[in-house]
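Trainee: Just dropping this structure here.
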Amino acid sequence: MLNQLSHPGAPATIFCNRGLLNSCPAGVASCPASSCPFRSPRSPRLTLRESVLLLGPRPTTDGMEFSELIRTGRAQAKLLRGPEAPPLRGTLCVTGHHLLLSPGPQATSDLWLLLLRRVDSIEKRVSGDSGTITLRCKDLRVLQLDIEGVEATLDIARSIEALSSLESVITSFPFFYRPKGLRLGDAWHFHPPERYYKRVARETNAWRLSEVNEDFSLCPSYPRAVIVPRAVDDDALARCARFRQGGRFPVLSYHHAPSGTVLLRSSQPLTGPQKRRCAEDEELLRAALAGARPGARGFILDTRSAQAAKQARVTGGGTEAKAAYPGWKRLHRPLERGWPLQESFVRLVEACGDLEQSMDRWLSQLEACHWLAHVKEALSTACLAAQGVGREGACVLVHGAEGTDSTLLVTSLAQLILDPSSRTMAGFQELVEREWIQAGHPFQLRCAHSAFSHARPKHEAPTFLLFLDCVWQLGRQFPLSLEFGEGLLLALFEHAYASPFGTFLCSSEKERCLCEVRTRTHSLWSGLNQPKEQRKLRNPLYVPSPLAIWPSVELQTLRLWQGLFLRWIRPPEPSEVAWEKVWQIVTDKKTEGCEPTVSASEPRL
Amino acid sequence: MCETQAFFPGTGICKELEDHALLLWLTQEGAESLNRSFHVLEYCRVSSMASAPTSKYNSHSLENESIKRTSRDGVNRDLSEAVPRLPGETRITDKEVIYICPFNGPIKGRVYITNYRLYLRSLETDSALILDVPLGVISRIEKMGGATSRGENSYGLDITCKDMRNLRFALKQEGHSRRDMFEILTRYAFPLAHSLPIFAFLNEEKFNVDGWTVYNPVEEYRRQGLPNHHWRITFINKCYELCDTYPALLVVPYRASDDDLRRVATFRSRNRIPVLSWIHPENKTVIVRCSQPLVGMSGKRNKDDEKYLDVIRETNRQISKLTIYDARPNVNAVANKATGGGYESDDAYHNAELFFLDIHNIHVMRESLKKVKDIVYPNVEESHWLSSLESTHWLEHIKLVLTGAIQVADKVSSGKSSVLVHCSDGWDRTAQLTSLAMLMLDSFYRSIEGFEILVQKEWISFGHKFASRIGHGDKNHADADRSPIFLQFIDCVWQMSKQFPTAFEFNERFLITILDHLYSCRFGTFLYNCESAREKQKVTERTISLWSLINSNKDKFKNPFYTKEINRVLYPVASMRHLELWVNYYIRWNPRIKQQQPNPVEQRYVELLALRDEYIQRLEELQLASSAKLSDPSTSPSGPSQMMPHVHTHF
């Protein structure tokens, strides 16, 4: 995989750079003008969460030394990596961001290292004069370290525990990761949503790019660029924002050119028990319909049950009243979110890893996890949204409560179904960037822990994983229609939970600006788009097709994503061999035929 | 290694694994684009229906049912087409009926009945539905409703098929309108009861390949390197006198005389003595098949049988024991003693180790499949799909069969021990185990022709009772002898092909075509119970082989990802986690499981096949060129010892 460390072999190096810590946010002047929002006249208001992001949970004056957390330098250890890989022996070191195993001078094998943030849970056991540490990683891998010395074991365990659970963003590894061959700042411009929004604005004449959220004051979870109906001015947007939870007023998510209709997303309206209304919000949705075509209808797809939507009024939320939004019809499609979804994920991973148990009950165990049922619900809701836009010629507004989870799941999947360009390598990356990262899916919170963590769950939910699983199901049902393969989906899963790249850091564009992610970390897209990665990520069978892909969403046609959930339980090697064989069959001829191959991953400018 | 194992215990049986996702591509093959509807939005069925690729009828294809629909442009190609007819097929009658489609409701149509098929064409303008069902598929015809039944479409016929579906036709209540249809269908679907010939004997199709020549036992044994100085080919069963359900030609230990064989035959159920199925090219370990020993309640022994097994053991000197796999559960093997059967006891067979493989009998399998049908047709069990599937135990049976076959293959290949396989009569579970083990061990059987030879050899010639298990042309639908043993074998093959997407030359359509013609009675291949009966009926002279159809149109059945690998042993993972229901077969009639997109999969596969062929050709040219350069024979890289990679397996 990607080289995670630019300076291997330095045990217990302290990566912390005090200067960086001190420079922001106090040192506003040092922020590059291009990325820092704090040059605007309005002064920054840092929430508690935001300061934790920057400085970590413990307020210190001079930052924090990783050395405080590293209790031992090194120990002799043996590493077991699963049933297939041979065990590794060598010297184990804990550094600020990594666990290293150096096989010793005479051994031929390379240095083994693990990003500490990838550790989801840690279990230690000592017996006699040695100990065992079991590391369960966020990518669902389970590792076992047999360590000489009880003290060393405990020290290493404590160090890993402390270092893997640091909350501070700017002391995380992406800020220190400097791989060879990549330049800082590269690829951050690969998939800016503005480009898409500008195109829509140009093509439709009914939509415009607004700078109303330039300083993130209107909606902290939206990016700077938002696209709204041309007929609605910025002041109206401000009032809309106050009427929607978290300020997430309805914005365009996707413009379906063949029918002229659009997919919108927002958060719930704050109708409250008094059933408040907001004229600007109503006007915005009216303008969206009018912009599509005269007399167009709309569907509001609420990802909560009708009852849950009603109950939300008690806490100030609610849903659009029928009378207030003529032309719009409300549909409820409850999708699981939050803790129940996380629990489903945890149970599934447990079931997959439960190798002791008799397999006779596997299918009912699988059913009891409900994961596939969630996949089915997500896909069929996305189909419904896509059907509204693509077949009914209607506009569709999707929202749940906050509009940062199941909403994005539905809008992004609907685009994959409808839009052939989002099924290309570049298009899919653009989709993830626009509909997940920029749209404010709180990755930092949702992916703080994976399925193994014993920590008290706070905001974790595998919504993004559910999205990837749905995409995988689409790819399975339409083997020729996606330009990317399982490899890309696996990479996104891994990097969303722990990554040397900055792409999935933080929970919103505002936070990323605050942490200067764009200037101080590398973009995952630049890592993935390196030529040497391509064979692993691309689908050799891809043939572009201009049509929509309507999947079957019956449980009978959905499968457990074995490549992910059983990835470490079976050896990955032969699958790569098979993949390679197919690549050979497909490509050896192509290059021969002197066919000019257009790389879809190149940014279209 | 052992530490690793302790840490990750029980991680599946085998080490050879393939990526599942990749495999899954293969299932998409032939996916017809049919409608998926999402119900809430008002949505017009016909207008948005994608047109299915209409498979035009030709004499080489069999489409049991193709639901074709008018596309948006309103072109309906099928109405102008004549009813398809094979050479030798004669039309009997036609009638206007209402086909009660379980997925789309009643459809008015005209049904045409010939001596081979039931063909229905919709008479409604917005539907181009066509049913094309060979009469051989029919297992039962029932009248539903009576002349006085009330309710719409309550009077008619309900036809149960052997391929996981039912067909219901409603007719007009006046004038006993269903009587002649019922009688004609009964007559031609169950010709045996009416002293009529099975259609295969009337079929006059011509193919440019003769499928009957595919399997020549002498050639096949020669390919395996037989006879050699331990094994000889015997013609003792030339007139089927030794064993009437065995083929004429048998391979037996060199040191066993014909008299020995006759004496052994008296101690084996139905005289099915242990004979060779397959020999390992390097170890010279063998797979031997037979029926159970006639031990009985008194625990009889037979010195000749004991000696015979010892002779088999001695043909291979690497290991001191012969391994016997009894396919049955232990209790069933014990229970068989009551009817004179039994198993090889330790004290009688000192040099043998006996293992039971826990595979259940034909009745259990039949009931299990019945339960599968209950949950998939006409309506798929929605709410608790996975636990309902589990409660059918179908996949569990598949797992046990595969696990058994893996053990046989592993014993022969890695364990370097000869293996004897039997169940009760040695024609059901035994055939499953030996043929699957051979498929795992010998890459030759993974080619199209190789697989045909495997079926022809281990199933057809060794007397799997196709006539009894399938009930060709027989009206006794409740016959206790019927059982989906062969279907289960094909399912196992499909599971393997999913796990090893590049290892098989054939595709899913090949397997489905074999299953369709298992019932269709269009070919003679699967008719009768054993070789002697087939010879008596002159099946090879009077009927056509299914392999003629397949081999004259091979491209349709090829897997574009096939990469030939000599002597690679495949060990599939027989864990429930890695097995799945063969949806494209068992639920194929339900349009809801199909995805909708005029998917160019087939076209793409054809392109890939062409690419692959060119690629292979170029490779061969390069090899020729380089071998011309390297004319020195001593530097030739591929000695025979390098041909068989050593594969570790752990159980």
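By order in the structure tokens, chains are A, B, ...; within a chain, residues start at 1; ligands start at 1, following the order shown.
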Apply DSSP to the structure's backbone, then extract all residues of range 168-382 of chain A labelled alpha helix (DSSP H) and return them as a ChimeraX atom specification.
Mentor: /A:193-204,234-243,279-292,306-311,338-353,362-369,371-382
Trainee: Just want the 8 Å neighbourhood of range 123-135 of chain A, counted on only C-alpha atoms, with same-chain residues fewer than 6 positions away dropped. Output as a VMD selection string.
Mentor: chain A and resid 142 to 150 153 to 154 157
Trainee: Check the DSSP output for the backbone and give back, as a list in words, the residues of range 241-301 of chain A in strand (DSSP E).
Mentor: Val251, Leu252, Ser253, Tyr254, His255, His256, Thr261, Val262, Leu263, Leu264, Arg265, Gly298, Phe299, Ile300 and Leu301 of chain A
Trainee: Using all heavy atoms, can you export the residues from the last selection as a tab-separated table (two decimals), in the first residue's frame?
Mentor:
```
chain	number	residue	atom	x	y	z
A	251	VAL	N	-29.85	23.04	-0.60
A	251	VAL	CA	-28.92	23.38	-1.68
A	251	VAL	C	-28.99	22.28	-2.74
A	251	VAL	O	-29.48	21.18	-2.48
A	251	VAL	CB	-27.46	23.48	-1.19
A	251	VAL	CG1	-27.28	24.68	-0.28
A	251	VAL	CG2	-27.04	22.20	-0.49
A	252	LEU	N	-28.48	22.62	-3.90
A	252	LEU	CA	-28.51	21.64	-4.98
A	252	LEU	C	-27.49	20.55	-4.72
A	252	LEU	O	-26.37	20.82	-4.29
A	252	LEU	CB	-28.21	22.34	-6.31
A	252	LEU	CG	-28.19	21.44	-7.54
A	252	LEU	CD1	-28.90	22.12	-8.70
A	252	LEU	CD2	-26.77	21.07	-7.96
A	253	SER	N	-27.91	19.35	-4.97
A	253	SER	CA	-26.97	18.23	-4.83
A	253	SER	C	-26.61	17.69	-6.21
A	253	SER	O	-25.47	17.36	-6.48
A	253	SER	CB	-27.64	17.15	-3.98
A	253	SER	OG	-27.04	15.93	-4.18
A	254	TYR	N	-27.60	17.63	-7.08
A	254	TYR	CA	-27.34	17.06	-8.39
A	254	TYR	C	-28.36	17.60	-9.39
A	254	TYR	O	-29.54	17.71	-9.08
A	254	TYR	CB	-27.43	15.53	-8.32
A	254	TYR	CG	-27.43	14.83	-9.66
A	254	TYR	CD1	-26.33	14.91	-10.50
A	254	TYR	CD2	-28.53	14.08	-10.07
A	254	TYR	CE1	-26.32	14.28	-11.73
A	254	TYR	CE2	-28.53	13.43	-11.30
A	254	TYR	CZ	-27.42	13.54	-12.12
A	254	TYR	OH	-27.41	12.90	-13.34
A	255	HIS	N	-27.87	17.95	-10.54
A	255	HIS	CA	-28.74	18.42	-11.61
A	255	HIS	C	-28.82	17.34	-12.68
A	255	HIS	O	-27.80	16.93	-13.24
A	255	HIS	CB	-28.19	19.71	-12.22
A	255	HIS	CG	-28.92	20.16	-13.43
A	255	HIS	ND1	-28.33	20.23	-14.67
A	255	HIS	CD2	-30.21	20.53	-13.60
A	255	HIS	CE1	-29.23	20.63	-15.57
A	255	HIS	NE2	-30.37	20.83	-14.94
A	256	HIS	N	-30.02	16.83	-12.91
A	256	HIS	CA	-30.20	15.76	-13.89
A	256	HIS	C	-30.50	16.42	-15.24
A	256	HIS	O	-31.63	16.81	-15.53
A	256	HIS	CB	-31.36	14.87	-13.44
A	256	HIS	CG	-31.53	13.66	-14.31
A	256	HIS	ND1	-32.63	13.45	-15.09
A	256	HIS	CD2	-30.73	12.59	-14.51
A	256	HIS	CE1	-32.51	12.29	-15.74
A	256	HIS	NE2	-31.37	11.76	-15.40
A	261	THR	N	-34.45	18.33	-13.99
A	261	THR	CA	-34.83	18.41	-12.58
A	261	THR	C	-33.61	18.25	-11.68
A	261	THR	O	-32.53	17.91	-12.15
A	261	THR	CB	-35.86	17.32	-12.22
A	261	THR	OG1	-35.33	16.07	-12.62
A	261	THR	CG2	-37.16	17.59	-12.91
A	262	VAL	N	-33.83	18.54	-10.40
A	262	VAL	CA	-32.68	18.55	-9.49
A	262	VAL	C	-32.96	17.73	-8.24
A	262	VAL	O	-34.09	17.49	-7.86
A	262	VAL	CB	-32.33	19.99	-9.04
A	262	VAL	CG1	-31.82	20.79	-10.21
A	262	VAL	CG2	-33.52	20.65	-8.38
A	263	LEU	N	-31.84	17.32	-7.65
A	263	LEU	CA	-31.86	16.66	-6.36
A	263	LEU	C	-31.32	17.67	-5.36
A	263	LEU	O	-30.27	18.28	-5.61
A	263	LEU	CB	-30.96	15.43	-6.44
A	263	LEU	CG	-30.92	14.43	-5.31
A	263	LEU	CD1	-32.28	13.78	-5.14
A	263	LEU	CD2	-29.88	13.35	-5.64
A	264	LEU	N	-32.07	17.90	-4.28
A	264	LEU	CA	-31.64	18.88	-3.28
A	264	LEU	C	-31.42	18.18	-1.96
A	264	LEU	O	-31.95	17.09	-1.73
A	264	LEU	CB	-32.73	19.93	-3.08
A	264	LEU	CG	-33.19	20.72	-4.29
A	264	LEU	CD1	-34.68	21.02	-4.15
A	264	LEU	CD2	-32.41	21.99	-4.40
A	265	ARG	N	-30.66	18.82	-1.10
A	265	ARG	CA	-30.55	18.28	0.26
A	265	ARG	C	-30.51	19.41	1.27
A	265	ARG	O	-30.12	20.54	0.94
A	265	ARG	CB	-29.34	17.37	0.41
A	265	ARG	CG	-28.04	17.99	-0.02
A	265	ARG	CD	-26.89	17.03	0.21
A	265	ARG	NE	-25.73	17.39	-0.58
A	265	ARG	CZ	-24.89	18.36	-0.30
A	265	ARG	NH1	-25.10	19.12	0.77
A	265	ARG	NH2	-23.86	18.64	-1.07
A	298	GLY	N	-42.58	18.18	-6.93
A	298	GLY	CA	-41.44	17.88	-6.07
A	298	GLY	C	-41.79	16.83	-5.04
A	298	GLY	O	-42.95	16.66	-4.68
A	299	PHE	N	-40.79	16.08	-4.65
A	299	PHE	CA	-40.96	15.14	-3.55
A	299	PHE	C	-39.98	15.49	-2.45
A	299	PHE	O	-38.80	15.73	-2.74
A	299	PHE	CB	-40.70	13.71	-4.01
A	299	PHE	CG	-41.74	13.18	-4.96
A	299	PHE	CD1	-41.51	13.19	-6.33
A	299	PHE	CD2	-42.96	12.71	-4.48
A	299	PHE	CE1	-42.47	12.72	-7.20
A	299	PHE	CE2	-43.93	12.24	-5.35
A	299	PHE	CZ	-43.68	12.24	-6.73
A	300	ILE	N	-40.48	15.52	-1.24
A	300	ILE	CA	-39.58	15.68	-0.10
A	300	ILE	C	-39.40	14.29	0.49
A	300	ILE	O	-40.35	13.67	0.94
A	300	ILE	CB	-40.16	16.64	0.95
A	300	ILE	CG1	-40.26	18.04	0.34
A	300	ILE	CG2	-39.28	16.65	2.19
A	300	ILE	CD1	-41.01	19.03	1.20
A	301	LEU	N	-38.19	13.81	0.42
A	301	LEU	CA	-37.91	12.47	0.91
A	301	LEU	C	-37.30	12.59	2.30
A	301	LEU	O	-36.14	12.98	2.44
A	301	LEU	CB	-36.94	11.79	-0.07
A	301	LEU	CG	-36.74	10.30	0.03
A	301	LEU	CD1	-38.07	9.58	-0.07
A	301	LEU	CD2	-35.82	9.84	-1.08
```
Trainee: What is the distance, in Å and to one decimal place, between CA of Ile569 in chain A and CA of Lys411 in chain B?
Mentor: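 CA of Lys411 in chain B lies 24.7 Å from CA of Ile569 in chain A.
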